[in-house]
Structures are given as C-alpha cells and as structure tokens.
>>> print(open('my_file24.txt').read())   # compact mmCIF, C-alpha atoms
# COMPACT_ATOMS: atom_id res chain seq x y z
CA MET U 217 -58.29 -3.65 -10.81
CA SER U 218 -59.43 -0.09 -10.67
CA LEU U 219 -60.14 1.61 -7.39
CA LEU U 220 -63.86 1.63 -8.07
CA ALA U 221 -63.78 -2.07 -8.83
CA PHE U 222 -62.06 -2.66 -5.52
CA PHE U 223 -64.74 -0.64 -3.72
CA GLN U 224 -67.43 -2.64 -5.52
CA TRP U 225 -65.72 -5.85 -4.52
CA CYS U 226 -65.73 -4.68 -0.87
CA GLU U 227 -69.40 -3.85 -1.05
CA GLU U 228 -70.26 -7.19 -2.62
CA SER U 229 -68.22 -9.14 -0.08
CA SER U 230 -70.11 -11.37 2.30
CA ILE U 231 -69.18 -9.18 5.28
CA GLY U 232 -70.63 -6.11 3.59
CA GLY U 233 -73.74 -8.08 2.70
CA VAL U 234 -74.28 -9.37 6.23
CA ILE U 235 -74.01 -5.85 7.70
CA ARG U 236 -76.36 -4.42 5.07
CA GLY U 237 -78.82 -7.24 5.60
CA SER U 238 -79.12 -6.61 9.31
CA SER U 239 -81.17 -3.79 10.78
CA TRP U 240 -79.03 -3.49 13.90
CA LEU U 241 -75.45 -4.47 12.92
CA PHE U 242 -74.59 -1.17 11.24
CA PRO U 243 -75.95 0.98 14.11
CA VAL U 244 -74.13 -1.11 16.71
CA ILE U 245 -70.79 -1.07 14.86
CA GLU U 246 -71.24 2.63 14.25
CA ALA U 247 -71.91 3.27 17.94
CA ILE U 248 -68.73 1.39 18.87
CA HIS U 249 -66.90 3.42 16.22
CA LEU U 250 -68.19 6.55 17.98
CA LEU U 251 -66.93 5.34 21.36
CA GLY U 252 -63.55 4.76 19.74
CA LEU U 253 -63.69 8.34 18.44
CA GLY U 254 -64.22 9.67 21.95
CA LEU U 255 -61.39 7.57 23.32
CA ILE U 256 -58.95 8.50 20.56
CA GLY U 257 -59.96 12.12 21.06
CA GLY U 258 -59.08 11.87 24.74
CA ALA U 259 -55.73 10.20 24.08
CA VAL U 260 -54.80 12.79 21.44
CA LEU U 261 -56.05 15.80 23.40
CA VAL U 262 -54.29 14.85 26.64
CA VAL U 263 -50.95 15.02 24.82
CA ASP U 264 -51.75 17.98 22.58
CA LEU U 265 -53.14 20.06 25.44
CA ARG U 266 -49.90 19.34 27.29
CA LEU U 267 -47.92 20.47 24.26
CA LEU U 268 -50.00 23.65 24.20
CA GLY U 269 -49.09 24.17 27.85
CA LEU U 270 -52.73 23.85 28.89
CA GLY U 271 -53.19 20.39 30.36
CA LEU U 272 -50.99 18.38 32.71
CA ARG U 273 -48.33 21.06 32.93
CA ARG U 274 -46.38 19.58 35.83
CA GLN U 275 -45.65 16.36 33.97
CA SER U 276 -43.14 16.13 31.20
CA VAL U 277 -44.47 15.87 27.66
CA ALA U 278 -42.70 12.54 27.33
CA GLN U 279 -44.45 11.12 30.39
CA VAL U 280 -47.92 12.24 29.29
CA ALA U 281 -47.28 10.85 25.82
CA ARG U 282 -46.09 7.52 27.23
CA ASP U 283 -49.19 7.24 29.44
CA ALA U 284 -51.55 8.04 26.58
CA GLN U 285 -49.87 5.88 23.94
CA PRO U 286 -51.49 2.49 24.71
CA TRP U 287 -54.92 4.14 24.65
CA LEU U 288 -54.13 5.88 21.38
CA ILE U 289 -53.00 2.64 19.75
CA GLY U 290 -55.89 0.67 21.27
CA SER U 291 -58.55 3.13 20.16
CA LEU U 292 -57.00 3.53 16.71
CA THR U 293 -57.14 -0.25 16.28
CA LEU U 294 -60.79 -0.24 17.36
CA MET U 295 -61.54 2.64 14.98
CA ILE U 296 -59.89 1.00 11.99
CA THR U 297 -61.56 -2.36 12.65
CA THR U 298 -65.07 -0.96 13.07
CA GLY U 299 -64.49 1.64 10.35
CA SER U 300 -63.48 -1.04 7.84
CA LEU U 301 -66.65 -3.00 8.62
CA LEU U 302 -68.80 0.10 8.13
CA PHE U 303 -66.94 0.89 4.91
CA MET U 304 -67.54 -2.59 3.50
CA SER U 305 -71.26 -2.21 3.94
CA GLU U 306 -71.41 0.97 1.84
CA ALA U 307 -68.14 1.18 -0.08
CA VAL U 308 -69.59 2.46 -3.36
CA LYS U 309 -71.44 5.28 -1.61
CA CYS U 310 -68.11 6.22 0.01
CA TYR U 311 -66.38 6.20 -3.37
CA TYR U 312 -68.65 8.97 -4.59
CA HIS U 313 -68.66 10.92 -1.32
CA SER U 314 -66.12 13.72 -1.01
CA ALA U 315 -66.30 13.58 2.81
CA PHE U 316 -64.96 10.03 2.67
CA TRP U 317 -61.90 11.13 0.69
CA LEU U 318 -61.37 14.11 2.99
CA LYS U 319 -61.47 11.69 5.87
CA MET U 320 -59.03 9.23 4.31
CA ALA U 321 -56.60 12.01 3.39
CA SER U 322 -56.79 13.42 6.93
CA LEU U 323 -56.36 9.96 8.41
CA LEU U 324 -53.29 9.21 6.34
CA LEU U 325 -51.75 12.59 7.17
CA ALA U 326 -52.69 12.27 10.86
CA ILE U 327 -51.08 8.85 11.19
CA VAL U 328 -47.93 9.84 9.33
CA PHE U 329 -47.68 13.09 11.28
CA THR U 330 -48.21 11.32 14.63
CA LEU U 331 -45.58 8.69 13.90
CA THR U 332 -42.99 11.18 12.67
CA VAL U 333 -43.05 14.84 13.67
CA HIS U 334 -45.40 14.48 16.64
CA ARG U 335 -43.53 11.50 18.01
CA LYS U 336 -40.20 13.22 17.64
CA VAL U 337 -41.42 16.25 19.58
CA THR U 338 -42.99 14.21 22.38
CA ILE U 339 -39.94 12.05 23.04
CA ALA U 340 -37.44 14.87 22.61
CA ASP U 341 -35.64 16.54 25.48
CA GLU U 342 -38.01 19.38 26.26
CA THR U 343 -35.30 21.95 26.84
CA ARG U 344 -34.27 21.54 23.24
CA VAL U 345 -37.67 22.06 21.62
CA SER U 346 -38.98 25.59 21.36
CA PRO U 347 -42.43 26.06 22.95
CA VAL U 348 -43.69 27.64 19.76
CA TRP U 349 -42.80 24.53 17.78
CA ASN U 350 -44.58 22.39 20.41
CA LYS U 351 -47.72 24.44 19.96
CA VAL U 352 -47.61 24.31 16.18
CA VAL U 353 -47.25 20.53 16.29
CA ALA U 354 -50.14 20.23 18.75
CA LEU U 355 -52.43 22.41 16.63
CA VAL U 356 -51.61 20.52 13.44
CA SER U 357 -52.29 17.26 15.24
CA ILE U 358 -55.66 18.46 16.57
CA LEU U 359 -56.56 19.82 13.15
CA LEU U 360 -55.72 16.59 11.33
CA TRP U 361 -57.57 14.35 13.79
CA SER U 362 -60.55 16.71 13.73
CA GLY U 363 -60.58 16.38 9.96
CA VAL U 364 -60.84 12.62 10.37
CA GLY U 365 -63.71 12.87 12.86
CA ILE U 366 -65.73 15.55 11.10
CA GLY U 367 -65.10 14.00 7.68
CA GLY U 368 -66.47 10.78 9.12
CA ARG U 369 -69.58 12.45 10.44
CA TRP U 370 -70.23 14.02 7.05
CA ILE U 371 -70.14 10.67 5.28
CA GLY U 372 -73.52 10.21 6.94
CA PHE U 373 -74.88 13.45 5.48
CA SER U 374 -75.74 13.69 1.84
CA MET M 1439 -64.33 26.42 43.15
CA GLN M 1440 -64.39 22.71 42.51
CA ARG M 1441 -67.59 22.37 44.55
CA ARG M 1442 -69.31 25.19 42.74
CA LEU M 1443 -68.46 23.62 39.43
CA THR M 1444 -69.73 20.28 40.64
CA SER M 1445 -73.03 21.64 41.86
CA SER M 1446 -73.61 23.65 38.69
CA LEU M 1447 -72.86 20.51 36.70
CA ALA M 1448 -75.40 18.61 38.77
CA ALA M 1449 -77.99 21.36 38.26
CA PHE M 1450 -77.35 21.30 34.51
CA LEU M 1451 -78.01 17.59 34.49
CA LEU M 1452 -81.18 17.83 36.52
CA VAL M 1453 -83.06 20.10 34.14
CA PRO M 1454 -83.42 17.75 31.14
CA CYS M 1455 -84.03 14.81 33.42
CA CYS M 1456 -87.05 16.48 34.99
CA LEU M 1457 -88.69 16.33 31.57
CA VAL M 1458 -88.67 12.57 31.62
CA ALA M 1459 -89.78 12.23 35.20
CA ALA M 1460 -92.59 14.68 34.57
CA PRO M 1461 -95.97 14.37 36.29
CA ARG M 1462 -98.79 13.25 34.05
CA GLU M 1463 -101.86 14.97 35.37
CA ALA M 1464 -103.15 16.14 31.97
CA SER M 1465 -105.64 13.94 30.24
CA VAL M 1466 -104.35 12.52 26.98
CA GLY M 1467 -107.75 13.00 25.43
CA GLU M 1468 -107.60 16.70 26.08
CA VAL M 1469 -104.04 16.87 24.81
CA GLY M 1470 -105.01 14.85 21.77
CA ARG M 1471 -107.98 16.98 20.88
CA ARG M 1472 -105.90 20.10 21.10
CA ILE M 1473 -103.13 18.69 18.97
CA CYS M 1474 -105.49 17.19 16.41
CA GLY M 1475 -107.21 20.55 16.29
CA ILE M 1476 -103.96 22.20 15.26
CA SER M 1477 -103.11 19.88 12.44
CA ASP M 1478 -104.53 16.49 11.80
CA LEU M 1479 -102.89 14.66 8.92
CA GLY M 1480 -104.85 11.50 9.57
CA SER M 1481 -103.39 8.16 8.69
CA GLY M 1482 -100.00 9.62 7.82
CA GLY M 1483 -99.19 9.76 11.49
CA TRP M 1484 -96.62 12.13 12.81
CA ALA M 1485 -93.48 10.53 11.42
CA GLY M 1486 -91.60 12.51 8.81
CA PHE M 1487 -88.51 12.48 10.97
CA ASP M 1488 -85.28 12.22 9.18
CA THR M 1489 -82.11 11.29 10.97
CA PHE M 1490 -79.81 13.57 9.07
CA GLY M 1491 -81.86 16.70 8.95
CA LYS M 1492 -82.68 16.66 5.27
CA ILE M 1493 -85.70 18.48 3.99
CA VAL M 1494 -88.79 16.47 4.77
CA PRO M 1495 -92.25 17.67 5.64
CA LEU M 1496 -92.89 17.38 9.33
CA GLY M 1497 -96.03 15.44 9.98
CA THR M 1498 -98.09 15.75 13.10
CA MET M 1499 -98.81 13.53 15.99
CA ARG M 1500 -102.25 12.30 16.67
CA LEU M 1501 -103.42 11.40 20.12
CA GLU M 1502 -106.79 9.92 20.90
CA GLY M 1503 -108.58 8.43 23.84
CA ASP M 1504 -108.88 9.37 27.47
CA GLY M 1505 -106.88 8.79 30.58
CA ASN M 1506 -103.19 8.77 31.22
CA LYS M 1507 -101.10 6.80 28.82
CA GLY M 1508 -97.39 6.55 29.10
CA VAL M 1509 -94.69 8.42 30.93
CA GLY M 1510 -94.42 12.19 30.72
CA THR M 1511 -97.44 12.86 28.49
CA SER M 1512 -98.08 16.26 30.05
CA PHE M 1513 -95.13 17.74 28.18
CA LEU M 1514 -96.36 16.63 24.76
CA PRO M 1515 -98.33 19.83 23.97
CA PHE M 1516 -95.32 21.92 24.88
CA PHE M 1517 -93.04 20.01 22.54
CA GLN M 1518 -95.73 20.03 19.87
CA ARG M 1519 -95.79 23.82 20.06
CA LEU M 1520 -92.01 23.89 19.92
CA ALA M 1521 -92.07 21.57 16.90
CA ASP M 1522 -94.53 23.91 15.17
CA SER M 1523 -92.40 26.97 15.82
CA ALA M 1524 -90.52 28.70 13.03
CA TRP M 1525 -87.27 28.17 14.93
CA SER M 1526 -87.71 24.42 15.06
CA THR M 1527 -88.85 23.88 11.50
CA GLY M 1528 -86.18 26.29 10.25
CA LEU M 1529 -83.43 24.37 11.96
CA HIS M 1530 -84.89 21.05 10.93
CA GLU M 1531 -85.15 21.99 7.29
CA SER M 1532 -81.92 23.95 7.07
CA ARG M 1533 -79.38 22.78 4.56
CA TYR M 1534 -76.30 23.08 6.76
CA ALA M 1535 -77.17 24.35 10.25
CA TYR M 1536 -78.35 21.02 11.61
CA ASP M 1537 -75.39 19.12 10.18
CA LEU M 1538 -72.95 21.70 11.51
CA ILE M 1539 -74.42 21.60 15.00
CA GLU M 1540 -74.29 17.83 14.95
CA SER M 1541 -70.63 17.99 13.88
CA VAL M 1542 -69.90 20.27 16.82
CA HIS M 1543 -71.72 17.80 19.09
CA VAL M 1544 -69.61 14.92 17.76
CA TRP M 1545 -66.33 16.85 17.87
CA THR M 1546 -66.97 17.93 21.44
CA LEU M 1547 -67.52 14.29 22.31
CA CYS M 1548 -63.74 13.95 22.01
CA LEU M 1549 -63.15 16.83 24.39
CA PHE M 1550 -65.78 15.88 26.94
CA PHE M 1551 -66.03 12.10 26.75
CA GLY M 1552 -62.37 11.56 25.86
CA LEU M 1553 -61.01 13.54 28.79
CA THR M 1554 -63.66 12.22 31.19
CA VAL M 1555 -62.61 8.71 30.23
CA MET M 1556 -58.96 9.62 30.82
CA PHE M 1557 -59.83 10.79 34.33
CA ASP M 1558 -61.92 7.67 34.97
CA LEU M 1559 -59.04 5.50 33.81
CA ARG M 1560 -56.76 7.30 36.27
CA LEU M 1561 -59.28 6.59 39.06
CA LEU M 1562 -59.19 2.94 38.05
CA GLY M 1563 -55.40 2.98 38.10
CA TRP M 1564 -55.21 2.09 34.41
CA THR M 1565 -53.27 5.12 33.19
CA MET M 1566 -51.07 7.99 34.46
CA ARG M 1567 -50.38 6.07 37.66
CA LYS M 1568 -47.47 8.30 38.58
CA VAL M 1569 -49.48 11.49 38.23
CA PRO M 1570 -51.33 12.59 41.41
CA VAL M 1571 -55.09 12.19 41.04
CA SER M 1572 -55.71 15.77 42.17
CA GLU M 1573 -53.33 16.97 39.45
CA VAL M 1574 -55.23 15.07 36.75
CA ALA M 1575 -58.49 16.45 38.16
CA ARG M 1576 -57.24 20.02 38.31
CA ARG M 1577 -55.80 19.98 34.79
CA LEU M 1578 -58.38 17.93 32.93
CA LEU M 1579 -61.74 18.51 34.62
CA PRO M 1580 -61.97 22.20 33.61
CA TRP M 1581 -61.77 21.00 29.98
CA THR M 1582 -64.50 18.44 30.57
CA ILE M 1583 -66.70 21.21 31.98
CA VAL M 1584 -66.10 23.35 28.88
CA GLY M 1585 -66.88 20.27 26.78
CA PHE M 1586 -70.00 19.51 28.78
CA VAL M 1587 -71.40 23.02 28.36
CA ILE M 1588 -70.87 22.82 24.57
CA MET M 1589 -72.44 19.35 24.55
CA VAL M 1590 -75.54 20.55 26.41
CA MET M 1591 -75.92 23.63 24.21
CA SER M 1592 -75.44 21.82 20.90
CA GLY M 1593 -77.58 18.94 22.18
CA ALA M 1594 -80.38 21.33 23.16
CA LEU M 1595 -80.25 22.87 19.67
CA LEU M 1596 -80.45 19.44 18.05
CA PHE M 1597 -83.35 18.58 20.33
CA SER M 1598 -85.17 21.81 19.45
CA ALA M 1599 -84.98 20.93 15.75
CA ILE M 1600 -86.86 17.66 16.32
CA PRO M 1601 -88.42 18.07 19.75
CA LEU M 1602 -91.49 15.87 19.77
CA ARG M 1603 -89.92 12.90 18.07
CA SER M 1604 -86.83 13.14 20.28
CA TYR M 1605 -88.89 13.52 23.45
CA GLN M 1606 -90.79 10.35 22.63
CA ASN M 1607 -87.67 8.46 21.61
CA ILE M 1608 -86.85 5.67 24.01
CA PHE M 1609 -83.08 6.11 23.58
CA PHE M 1610 -83.34 9.83 24.27
CA ARG M 1611 -85.19 9.10 27.49
CA ALA M 1612 -82.67 6.46 28.50
CA LYS M 1613 -79.90 8.95 27.78
CA MET M 1614 -81.48 11.64 29.98
CA LEU M 1615 -81.97 9.16 32.79
CA MET M 1616 -78.35 8.02 32.59
CA LEU M 1617 -77.20 11.66 32.49
CA LEU M 1618 -78.97 12.12 35.81
CA LEU M 1619 -77.23 9.05 37.22
CA ALA M 1620 -73.85 10.22 35.90
CA GLY M 1621 -74.45 13.61 37.56
CA LEU M 1622 -75.30 11.88 40.84
CA ASN M 1623 -72.11 9.85 40.54
CA VAL M 1624 -70.08 13.04 40.05
CA TRP M 1625 -71.73 14.58 43.11
CA ILE M 1626 -71.21 11.52 45.29
CA PHE M 1627 -67.57 11.23 44.22
CA HIS M 1628 -66.71 14.89 44.83
CA SER M 1629 -68.55 15.14 48.13
CA GLY M 1630 -67.27 11.76 49.30
CA VAL M 1631 -63.97 10.04 48.67
CA TYR M 1632 -62.48 12.92 46.67
CA ARG M 1633 -62.61 15.19 49.74
CA ARG M 1634 -59.92 13.01 51.29
CA VAL M 1635 -57.88 12.93 48.10
CA GLU M 1636 -54.67 14.06 49.82
CA LYS M 1637 -54.60 10.69 51.59
CA TRP M 1638 -54.58 8.69 48.37
CA ASP M 1639 -53.40 11.26 45.83
CA LEU M 1640 -50.24 9.40 44.95
CA ALA M 1641 -51.70 5.90 45.00
CA GLY M 1642 -51.19 4.21 41.64
CA VAL M 1643 -54.45 2.37 42.25
CA PRO M 1644 -56.88 4.59 44.24
CA PRO M 1645 -59.14 3.24 47.02
CA ARG M 1646 -62.18 1.19 46.25
CA ALA M 1647 -64.73 4.03 46.48
CA ALA M 1648 -62.78 6.03 43.90
CA ARG M 1649 -62.42 3.02 41.62
CA VAL M 1650 -66.16 2.37 41.84
CA ALA M 1651 -66.88 6.01 40.95
CA GLY M 1652 -64.51 5.76 37.98
CA ALA M 1653 -66.03 2.51 36.77
CA LEU M 1654 -69.60 3.80 37.15
CA SER M 1655 -68.73 6.98 35.29
CA LEU M 1656 -67.06 5.01 32.51
CA VAL M 1657 -70.01 2.63 32.08
CA LEU M 1658 -72.62 5.40 32.28
CA TRP M 1659 -70.90 7.66 29.76
CA ILE M 1660 -70.35 4.76 27.38
CA PHE M 1661 -74.05 3.96 27.47
CA ILE M 1662 -74.94 7.66 27.16
CA VAL M 1663 -72.89 7.85 23.95
CA LEU M 1664 -74.39 4.60 22.67
CA SER M 1665 -77.97 5.65 23.38
CA GLY M 1666 -77.25 9.10 21.91
CA ARG M 1667 -76.19 7.50 18.66
CA MET M 1668 -79.26 5.26 18.70
CA ILE M 1669 -81.68 8.21 18.91
CA ALA M 1670 -81.26 8.41 15.14
CA TYR M 1671 -82.94 5.03 14.65
CA ASN M 1672 -86.68 4.67 14.63
CA TRP M 1673 -87.13 1.07 15.78
CA PHE M 1674 -89.28 2.08 18.74
CA ASP M 1675 -90.89 5.20 17.31
CA CYS M 1676 -94.56 5.96 17.78
CA ASP M 1677 -95.28 5.74 14.07
CA ARG M 1678 -93.95 2.20 13.93
CA GLN M 1679 -96.81 0.22 15.37
CA PRO M 1680 -97.54 -2.29 16.68
CA GLN M 1681 -95.02 -1.94 19.47
CA ARG M 1682 -94.97 -3.76 22.76
CA ALA M 1683 -97.20 -2.12 25.36
CA ILE M 1684 -94.20 -1.39 27.54
CA VAL M 1685 -92.52 0.52 24.69
CA ASN M 1686 -95.62 2.65 24.13
CA LEU M 1687 -95.85 3.28 27.85
CA LEU M 1688 -92.22 4.35 28.14
CA THR M 1689 -92.41 6.59 25.07
CA SER M 1690 -95.86 7.99 25.89
CA CYS M 1691 -97.19 6.85 22.54
CA VAL M 1692 -100.82 6.34 21.82
CA PRO M 1693 -101.04 4.38 18.58
CA ASN M 1694 -103.35 5.76 15.89
CA GLY M 1695 -106.86 4.46 16.22
CA SER M 1696 -106.00 2.02 18.97
CA ASP M 1697 -109.07 3.09 20.93
CA HIS M 1698 -111.55 2.34 18.18
>>> encode(input="my_file24.txt", output="structure tokens")
Amino acid sequence: MSLLAFFQWCEESSIGGVIRGSSWLFPVIEAIHLLGLGLIGGAVLVVDLRLLGLGLRRQSVAQVARDAQPWLIGSLTLMITTGSLLFMSEAVKCYYHSAFWLKMASLLLAIVFTLTVHRKVTIADETRVSPVWNKVVALVSILLWSGVGIGGRWIGFS
Amino acid sequence: MQRRLTSSLAAFLLVPCCLVAAPREASVGEVGRRICGISDLGSGGWAGFDTFGKIVPLGTMRLEGDGNKGVGTSFLPFFQRLADSAWSTGLHESRYAYDLIESVHVWTLCLFFGLTVMFDLRLLGWTMRKVPVSEVARRLLPWTIVGFVIMVMSGALLFSAIPLRSYQNIFFRAKMLMLLLAGLNVWIFHSGVYRRVEKWDLAGVPPRAARVAGALSLVLWIFIVLSGRMIAYNWFDCDRQPQRAIVNLLTSCVPNGSDH
C-alpha cells in the first residue's frame, strides 16, 4: 500500500466521512485541538524558559520539568487524538500540502528531541550541564514545537 | 509595579469591550441610507468574507428600515468606513500578510494562554505545589503580559482586515464580552486575595477565593479561545438569513428586504 493509498483510505474511512458530513464537528474538534496547542505551549515554555534562565529561576530545572510533565503528556495526547480526527477528514488534502509535511517532520523531531536530549538535560545534575548547552537545547525545543504549531496553522491556508 | 500592570491590563481589556456595549442612538435607517449610498450591491448582500484571507471581492452591507435594530448599531458606519479603507482591503487581500499575522496570533496563544493556564493550575493546586504562588506569579505573569500585548496587537490587525464582518460576528462579540469578564477577574484577584498572598504563599492548595479566581480564569480563557476560533465560521452571519430574531438582534443585523 502506497502512502497516498493509505491517506485515501483514511479519508474514506467512516470517521473521516462523519466529520466531513457534519457542519460543526470539524470546527469543534479543531477548537479543542487549539486549546491543546495552548496547553502544550505552556508546558513546553515553562521548562524552556527555565532552561533559558528566564522563568522560574529559583526552582531547579528538574523540579520545573517534573511539574510540567503530566501536562505535557496530557496535552500531547489530546493534540494527537484530535489531530488524527482532523487529519482523517481531509487526509488527501494534507498529502498534497507542504505545510502538513513540515508539521509532521517537526512533530517527529520535537518528540524525539524531547524524549532524548531535552529529557537528559532536564533530569541531569545542573552543576554538570553548561548554561550555554541548556539554552541551546531550550531554543531548539521552542523552534521545533513552533514548527509544529505554525505548520499546523498553515495547513488551513492554501 | 504589579498593580500598574494589572490596571493597564484592565484598561486594555475595556477598550474593545466598549464597542460591544455601545449606545445605539443612531437611526438604522439613516445609517443604512448612508451605507447604501456608498456602495449598494443589491441582492449580493455584504458577504464576501473569507476565513483564510484569500483574495475575494468584499461586498457591502445593506441596511434598510427605521428605528434601532440590534446591539451596537451606532458603530456600523465607522466599521464600514474602516472596511472601505485602503489599509483594510490591502490587508484582507494580501497574499501573505494576513496569514502571517494570524500565525503570530496563534503562536502567541502558547505564550499567553499556555502560561496563564499554568498560573491558574497553580492557583487550583494542580501543579507546582511546592513553588510559592508569588514566585510563579513573579516569574510567569510578565510573560503573559508580553503575550497579551502581542495578542491584542495582532488581533486588532486581524480585526482591521475584516472589520464589519467581525464586528457583527456573534462569536467575536462573545469573545469581547468574556475578555471583559476575564479582565475583571484579574482585577478582583489582584486587589483581593492576592494582596494577602504571603499568608498562603506556600500552601499547596491555595484558599478558596484564589481557587475560584483560577477556575474562573481557566474557564473564561478556554471559552475565549474557543469563540476566537469560531469567528471563522459563518453560521450566524448577517448574509445567512433567515436567522432567529435573537441572533439578528445580538449581531445588529438587518436582513435584506425584511422591511418590505
């Protein structure tokens, strides 16, 4: 099965059909997707601002990251669930839209980066990580997640 | 410092909200005649709005009849003039400017809404329980203020690209009203329970008044985001008649030819 065939299969699925057939389902799912974006943005920024030395400076990076983690995982789950539903309603359009692929590439990189490098820095003993490295990791993280968000917004533009 | 920021935030919120709560002393008939005199496209109505800022001809609105109809009609000529301006049509028809501004608006949602939510969650005792509330406020609220200013500026630009249609959009009006309520909530919180923050700074779960403020803020901002997203949809637009009378009243719509 080619990738395009898979996308077509998604679009022709009953879930995709139901969402397309309704005048309000897509807007409502999309609005929830947007709320998830705000929440994930908050959970990411709280940690990355701390890494940049700009946010909750009196708390350790590890503590801020621990506090934010459930909200990051929760909002990411919400984003992926609602995002998949939106995708199924217009999969073929996404296939031909470069913003969609930019978004997917950013998403993949953002998740991998968060689970590996970012995670390692946030749980590490702070005295052993150089502040410059902290800042680089924070900026890369913000950049990657921004790519996901802005790529997503541009799927709606043609 | 904190108080000055709070009061300027409240003032910022009040301005757009006054538009909705506007007096309606002007006669719609007079307004209508003036607008129809400018450009009357007849049965086409004034629609022509496009959610994603693509190039579409902007139609015109047509108002007829006498007497006051709907909420905030007196501002219609002003927004009609704004809609006719080169600035507005230029932004509306631009290839990239509108999309870019909207991207900024969405990105800043993360900064403003995301960090506001984090603070609200702390007030509810749902996150960062070991961090003093005043510390979270001092470190995060300046960022939410930066975010809010960018939100208002980018939002005002988006509004100016499609002023009349936005002004008469029921979700836009709901959003402005809730912004006012959210601003009031901020003011009440900072002039009330937050003044005694040193007494409950370290409490994992803050006192009831603080939790209520956090919950109200959370609910209001969620609905502000939701209604903001819904502005793009035209279910209750003036050019989609018939609508319920209450919808036309709340959006200050006078349906084409309804008085004949």
>>> residues_around(input="my_file24.txt", residues="Gly372 in chain U", least_positions_apart="5", cutoff="12 Å", atoms="all atoms listed in the file", output="list in words")
Pro243, Glu246, Leu302, Phe303, Glu306, Lys309, Cys310, His313, Ser314, Ala315, Phe316, Gly365, Ile366 and Gly367 of chain U; Thr1489, Phe1490, Gly1491, Lys1492, Asp1537, Glu1540, Ser1541 and Ala1670 of chain M
>>> atom_distance(input="my_file24.txt", atom1="CA of Ile1684 in chain M", atom2="CA of Leu1664 in chain M")
21.3 Å
>>> interface_residues(input="my_file24.txt", of="chain U", to="chain M", cutoff="6 Å", atoms="all atoms listed in the file", output="ChimeraX atom specification")
/U:247,254-255,257-258,271-272,283
>>> atom_distance(input="my_file24.txt", atom1="CA of Ala1524 in chain M", atom2="CA of Ile1600 in chain M")
12.1 Å
>>> atom_distance(input="my_file24.txt", atom1="CA of Pro1645 in chain M", atom2="CA of Ala284 in chain U")
22.3 Å
>>> residues_near_point(input="my_file24.txt", point="(-42.7, 11.1, 22.1)", cutoff="10 Å", atoms="only C-alpha atoms", output="number ranges by chain")
U: 263, 277-282, 285, 330-341
>>> axis_aligned_box(input="my_file24.txt", around="range 219-238 of chain U", padding_each_side="6 Å", output="AutoDock Vina command-line options")
--center_x -69.6 --center_y -4.9 --center_z 0.2 --size_x 31.0 --size_y 25.0 --size_z 30.1
>>> closest_residue(input="my_file24.txt", among="M:Ser1604, M:Gln1679, M:Ser1592, M:Ser1598", to="Ser1526 in chain M", atoms="all atoms listed in the file")
M:Ser1598
>>> residues_around(input="my_file24.txt", residues="Ile358 in chain U", least_positions_apart="5", cutoff="8 Å", atoms="all atoms listed in the file", output="ChimeraX atom specification")
/U:260-261,264
>>> closest_residue(input="my_file24.txt", among="U:Ile371, U:Leu325, U:Val262, U:Ile296", to="Val308 in chain U", atoms="all atoms listed in the file")
U:Ile371
>>> decode(input="my_file24.txt", residues="range 1601-1614 of chain M", atoms="C-alpha atoms", output="PDB file, in the first residue's frame")
ATOM      1  CA  PRO M1601     -13.852  44.859  10.497  1.00  0.00           C
ATOM      2  CA  LEU M1602     -17.538  44.920   9.664  1.00  0.00           C
ATOM      3  CA  ARG M1603     -17.992  41.196   9.385  1.00  0.00           C
ATOM      4  CA  SER M1604     -16.018  40.610  12.582  1.00  0.00           C
ATOM      5  CA  TYR M1605     -17.900  43.308  14.469  1.00  0.00           C
ATOM      6  CA  GLN M1606     -21.198  41.680  13.572  1.00  0.00           C
ATOM      7  CA  ASN M1607     -19.956  38.186  14.324  1.00  0.00           C
ATOM      8  CA  ILE M1608     -21.655  36.687  17.340  1.00  0.00           C
ATOM      9  CA  PHE M1609     -18.524  34.781  18.427  1.00  0.00           C
ATOM     10  CA  PHE M1610     -16.422  37.934  18.215  1.00  0.00           C
ATOM     11  CA  ARG M1611     -18.890  39.730  20.449  1.00  0.00           C
ATOM     12  CA  ALA M1612     -18.977  36.847  22.910  1.00  0.00           C
ATOM     13  CA  LYS M1613     -15.178  36.862  22.931  1.00  0.00           C
ATOM     14  CA  MET M1614     -15.009  40.591  23.713  1.00  0.00           C
TER      15      MET M1614
END
